[in-house]
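S.K.: final.cif is reproduced below (mmCIF, C-alpha atoms).
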data_coords
#
loop_
_atom_site.group_PDB
_atom_site.id
_atom_site.type_symbol
_atom_site.label_atom_id
_atom_site.label_comp_id
_atom_site.auth_asym_id
_atom_site.auth_seq_id
_atom_site.Cartn_x
_atom_site.Cartn_y
_atom_site.Cartn_z
ATOM 1 C CA MET A 149 -24.344 4.147 4.435
ATOM 2 C CA ALA A 150 -21.983 1.227 4.199
ATOM 3 C CA LYS A 151 -18.470 1.339 5.590
ATOM 4 C CA ILE A 152 -15.556 -0.089 3.662
ATOM 5 C CA LYS A 153 -12.035 -0.997 4.732
ATOM 6 C CA VAL A 154 -9.517 1.160 2.863
ATOM 7 C CA ILE A 155 -5.995 2.469 2.975
ATOM 8 C CA ILE A 156 -5.762 6.235 3.087
ATOM 9 C CA LYS A 157 -2.400 7.600 1.979
ATOM 10 C CA ARG A 158 -1.682 11.256 2.532
ATOM 11 C CA PRO A 159 1.338 12.916 0.903
ATOM 12 C CA ASP A 160 3.129 13.198 4.262
ATOM 13 C CA GLU A 161 2.804 9.441 5.006
ATOM 14 C CA GLN A 162 5.224 6.828 3.691
ATOM 15 C CA PHE A 163 2.650 4.053 3.287
ATOM 16 C CA GLY A 164 -0.632 5.429 4.637
ATOM 17 C CA HIS A 165 -2.904 3.719 7.135
ATOM 18 C CA VAL A 166 -5.796 1.248 7.197
ATOM 19 C CA THR A 167 -9.187 2.515 8.312
ATOM 20 C CA TRP A 168 -12.929 2.102 7.816
ATOM 21 C CA ILE A 169 -14.803 4.905 6.040
ATOM 22 C CA SER A 170 -18.289 5.589 4.744
ATOM 23 C CA ASP A 171 -18.529 4.927 1.022
ATOM 24 C CA SER A 172 -20.920 7.832 0.414
ATOM 25 C CA LEU A 173 -19.939 10.180 -2.399
ATOM 26 C CA GLU A 174 -19.954 13.118 0.011
ATOM 27 C CA ASN A 175 -17.516 11.401 2.383
ATOM 28 C CA LEU A 176 -15.180 10.300 -0.422
ATOM 29 C CA GLN A 177 -15.132 13.866 -1.772
ATOM 30 C CA LYS A 178 -14.484 15.258 1.710
ATOM 31 C CA THR A 179 -11.584 12.825 2.213
ATOM 32 C CA VAL A 180 -9.793 13.771 -1.036
ATOM 33 C CA GLY A 181 -10.772 17.447 -0.880
ATOM 34 C CA GLY A 182 -12.955 17.751 -3.993
ATOM 35 C CA TYR A 183 -14.501 15.911 -6.901
ATOM 36 C CA ILE A 184 -13.313 12.335 -7.156
ATOM 37 C CA GLU A 185 -11.655 10.478 -9.993
ATOM 38 C CA THR A 186 -11.047 6.729 -9.926
ATOM 39 C CA ILE A 187 -7.985 4.961 -11.279
ATOM 40 C CA SER A 188 -8.127 1.194 -11.673
ATOM 41 C CA ILE A 189 -5.134 -1.000 -11.006
ATOM 42 C CA ASP A 190 -6.433 -4.097 -12.784
ATOM 43 C CA ASP A 191 -3.499 -6.388 -11.937
ATOM 44 C CA HIS A 192 -4.298 -6.045 -8.225
ATOM 45 C CA GLU A 193 -8.078 -5.403 -8.363
ATOM 46 C CA LEU A 194 -7.512 -2.032 -6.721
ATOM 47 C CA VAL A 195 -9.137 1.332 -7.215
ATOM 48 C CA LEU A 196 -7.379 4.557 -6.305
ATOM 49 C CA ILE A 197 -9.771 7.392 -5.487
ATOM 50 C CA VAL A 198 -8.151 10.798 -5.952
ATOM 51 C CA ASN A 199 -9.079 14.451 -6.324
ATOM 52 C CA GLU A 200 -9.614 14.885 -10.061
ATOM 53 C CA GLU A 201 -8.034 18.361 -9.914
ATOM 54 C CA GLY A 202 -5.209 17.475 -7.527
ATOM 55 C CA LYS A 203 -2.385 18.501 -9.846
ATOM 56 C CA LEU A 204 -4.216 21.574 -11.187
ATOM 57 C CA ARG A 205 -4.879 22.769 -7.623
ATOM 58 C CA ASN A 206 -1.192 22.327 -6.719
ATOM 59 C CA MET A 207 -1.893 19.656 -4.120
ATOM 60 C CA PRO A 208 1.289 18.018 -2.838
ATOM 61 C CA TYR A 209 2.705 15.086 -4.800
ATOM 62 C CA ASN A 210 1.830 11.750 -3.172
ATOM 63 C CA PHE A 211 3.166 8.853 -5.286
ATOM 64 C CA SER A 212 3.273 7.333 -8.774
ATOM 65 C CA ALA A 213 1.245 4.246 -9.620
ATOM 66 C CA LEU A 214 1.878 1.783 -12.406
ATOM 67 C CA CYS A 215 -1.546 1.463 -14.020
ATOM 68 C CA SER A 216 -2.653 -1.152 -16.491
ATOM 69 C CA ALA A 217 -5.777 -2.018 -18.409
ATOM 70 C CA HIS A 218 -7.045 -3.927 -21.398
ATOM 71 C CA ILE A 219 -8.254 -1.365 -23.918
ATOM 72 C CA TYR A 220 -9.811 -2.769 -27.069
ATOM 73 C CA ASN A 221 -8.132 -6.126 -26.310
ATOM 74 C CA VAL A 222 -4.716 -4.477 -26.032
ATOM 75 C CA TYR A 223 -2.837 -4.554 -22.717
ATOM 76 C CA VAL A 224 -1.641 -1.034 -21.874
ATOM 77 C CA GLU A 225 0.572 0.167 -18.982
ATOM 78 C CA TRP A 226 1.290 3.736 -17.928
ATOM 79 C CA ARG A 227 2.606 5.623 -14.905
ATOM 80 C CA GLU A 228 0.129 7.921 -13.161
ATOM 81 C CA GLN A 229 1.377 10.666 -10.820
ATOM 82 C CA LEU A 230 -1.026 11.203 -7.921
ATOM 83 C CA PHE A 231 -1.468 14.404 -5.906
ATOM 84 C CA GLY A 232 -3.219 14.999 -2.600
ATOM 85 C CA THR A 233 -4.832 12.337 -0.420
ATOM 86 C CA VAL A 234 -5.476 8.956 -2.062
ATOM 87 C CA ILE A 235 -8.051 6.366 -0.966
ATOM 88 C CA VAL A 236 -7.137 2.785 -1.911
ATOM 89 C CA CYS A 237 -9.970 0.252 -2.059
ATOM 90 C CA GLY A 238 -11.441 -2.564 -4.122
ATOM 91 C CA THR A 239 -14.167 -2.369 -6.719
ATOM 92 C CA CYS A 240 -17.199 -4.448 -7.525
ATOM 93 C CA LEU A 241 -16.941 -5.320 -11.200
ATOM 94 C CA THR A 242 -20.687 -5.883 -11.604
ATOM 95 C CA LYS A 243 -21.794 -2.625 -9.937
ATOM 96 C CA ASP A 244 -20.549 0.919 -9.571
ATOM 97 C CA THR A 245 -19.634 0.446 -5.912
ATOM 98 C CA PHE A 246 -16.477 0.324 -3.880
ATOM 99 C CA GLU A 247 -15.477 -2.683 -1.787
ATOM 100 C CA ASP A 248 -13.020 -3.471 1.007
ATOM 101 C CA ILE A 249 -9.403 -3.345 -0.074
ATOM 102 C CA PRO A 250 -8.519 -6.797 -1.496
ATOM 103 C CA ILE A 251 -4.877 -6.816 -0.339
ATOM 104 C CA ASP A 252 -3.348 -6.542 3.111
ATOM 105 C CA PHE A 253 -1.182 -3.644 4.290
ATOM 106 C CA ASN A 254 2.112 -5.499 3.767
ATOM 107 C CA GLU A 255 1.157 -6.212 0.138
ATOM 108 C CA TRP A 256 0.329 -2.515 -0.276
ATOM 109 C CA LYS A 257 3.746 -1.493 1.095
ATOM 110 C CA ALA A 258 5.461 -3.926 -1.280
ATOM 111 C CA LEU A 259 3.452 -2.560 -4.209
ATOM 112 C CA LEU A 260 4.481 1.032 -3.436
ATOM 113 C CA CYS A 261 8.112 -0.075 -3.264
ATOM 114 C CA GLU A 262 7.727 -1.979 -6.557
ATOM 115 C CA TRP A 263 6.386 1.199 -8.181
ATOM 116 C CA GLY A 264 9.472 3.051 -6.950
ATOM 117 C CA ASN A 265 7.925 5.088 -4.154
#
How would this structure read if it were set down as structure tokens?
M.R.:
Amino acid sequence: MAKIKVIIKRPDEQFGHVTWISDSLENLQKTVGGYIETISIDDHELVLIVNEEGKLRNMPYNFSALCSAHIYNVYVEWREQLFGTVIVCGTCLTKDTFEDIPIDFNEWKALLCEWGN
């Protein structure tokens, strides 16, 4: 199992914390408390890994992210409310794998503030 450098943000933390975790599916599911869903933040080459049923299971609100993507050559932005623990990492565009987070912690804090959290 490979280890990746991530930011884990729990609902009770203002900005979260940097750590190294195993990128195995089982460990990612254990960290978020269930099946995972990924949300891409294309502008920053980030991936947010969340519990796909976080809101349905009444997990505590964590933060809102401004998401963006090119869909059928149209640039689209939307606000995504996230519940429960969130893992923030990078993604490998050529494979279905997760990578070390591509921004430093201060950039992450600024991004959360920019999103209004």
S.K.: Around (-2.4, -3.5, 5.0), as given in the file, which residues come within 12 Å? Count only C-alpha atoms and list them as a list of chain:residue names.
M.R.: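 Every polymer residue passing the test: A:Lys153, A:Val154, A:Ile155, A:Ile156, A:Lys157, A:Phe163, A:Gly164, A:His165, A:Val166, A:Thr167, A:Val236, A:Cys237, A:Asp248, A:Ile249, A:Pro250, A:Ile251, A:Asp252, A:Phe253, A:Asn254, A:Glu255, A:Trp256, A:Lys257, A:Ala258, A:Leu259, A:Leu260.
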S.K.: Please produce a file of the residues just selected, as a short mmCIF file (atom, residue, chain, number, x, y, z; two decimals), in the coordinates of the input, where the atoms kept are C-alpha atoms.
M.R.:
data_model
loop_
_atom_site.label_atom_id
_atom_site.label_comp_id
_atom_site.auth_asym_id
_atom_site.auth_seq_id
_atom_site.Cartn_x
_atom_site.Cartn_y
_atom_site.Cartn_z
CA LYS A 153 -12.04 -1.00 4.73
CA VAL A 154 -9.52 1.16 2.86
CA ILE A 155 -6.00 2.47 2.98
CA ILE A 156 -5.76 6.24 3.09
CA LYS A 157 -2.40 7.60 1.98
CA PHE A 163 2.65 4.05 3.29
CA GLY A 164 -0.63 5.43 4.64
CA HIS A 165 -2.90 3.72 7.14
CA VAL A 166 -5.80 1.25 7.20
CA THR A 167 -9.19 2.52 8.31
CA VAL A 236 -7.14 2.78 -1.91
CA CYS A 237 -9.97 0.25 -2.06
CA ASP A 248 -13.02 -3.47 1.01
CA ILE A 249 -9.40 -3.34 -0.07
CA PRO A 250 -8.52 -6.80 -1.50
CA ILE A 251 -4.88 -6.82 -0.34
CA ASP A 252 -3.35 -6.54 3.11
CA PHE A 253 -1.18 -3.64 4.29
CA ASN A 254 2.11 -5.50 3.77
CA GLU A 255 1.16 -6.21 0.14
CA TRP A 256 0.33 -2.52 -0.28
CA LYS A 257 3.75 -1.49 1.10
CA ALA A 258 5.46 -3.93 -1.28
CA LEU A 259 3.45 -2.56 -4.21
CA LEU A 260 4.48 1.03 -3.44
#
S.K.: Point out the residue among A:Thr179, A:Gln162, A:Gly238, A:Asp190 with the least atom-to-atom distance to Tyr223 (chain A), counting only C-alpha atoms.
M.R.: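 That would be A:Asp190, the residue with the smallest distance to Tyr223 (chain A).
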S.K.: Could you jot down the CA of Glu161 (chain A) to CA of Asn199 (chain A) separation for me, Å, one decimal place?
M.R.: 17.2 Å
S.K.: Calculate how many Å separate CA of Ile189 (chain A) from CA of Lys203 (chain A), rounding to one decimal.
M.R.: 19.7 Å
S.K.: Would you write out, as a list of chain:residue names, every residue that the PyMOL selection byres ((chain A and resi 159) around 12) captures in this file?
M.R.: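 Written out, the selection comes to A:Ile156, A:Lys157, A:Arg158, A:Asp160, A:Glu161, A:Gln162, A:Phe163, A:Gly164, A:His165, A:Val180, A:Val198, A:Gly202, A:Met207, A:Pro208, A:Tyr209, A:Asn210, A:Phe211, A:Ser212, A:Gln229, A:Leu230, A:Phe231, A:Gly232, A:Thr233, A:Val234, A:Ile235, A:Asn265.
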S.K.: So the first atom is CA of Arg227 (chain A) and the second is CA of Glu193 (chain A); what is the distance between them in Å, to one decimal place?
M.R.: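 Distance between the two atoms: 16.7 Å.
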S.K.: Between A:Trp226, A:Phe246, A:Leu214, A:Leu204, which has the minimum distance to Glu262 (chain A) (counting all atoms listed in the file)?
M.R.: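 Ranked by minimum distance to Glu262 (chain A), first place goes to A:Leu214.
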S.K.: Measuring between all atoms listed in the file, which one of A:Ile197, A:Ala213, A:Cys261, A:Ile169 shows the shortest distance to Gly181 (chain A)?
M.R.: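 Going through A:Ile197, A:Ala213, A:Cys261, A:Ile169 one by one, the smallest distance to Gly181 (chain A) is for A:Ile197.
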S.K.: Could you tell me which of A:Leu194, A:Ile184, A:Ile152, A:Leu173 comes closest to Ala217 (chain A) if we count all atoms listed in the file?
M.R.: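 Between A:Leu194, A:Ile184, A:Ile152, A:Leu173, the residue approaching Ala217 (chain A) most closely is A:Leu194.
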S.K.: In terms of the shortest atom-to-atom distance over all atoms listed in the file, which of A:Trp168, A:Tyr220, A:Val195, A:Asn175 is closest to Asp244 (chain A)?
M.R.: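 Closest residue, counting all atoms listed in the file: A:Val195.
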S.K.: Between A:Glu185, A:Cys215, A:Leu196, A:Glu174, which residue has the minimum interatomic distance to Glu247 (chain A), considering all atoms listed in the file?
M.R.: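 That would be A:Leu196, the residue with the smallest distance to Glu247 (chain A).
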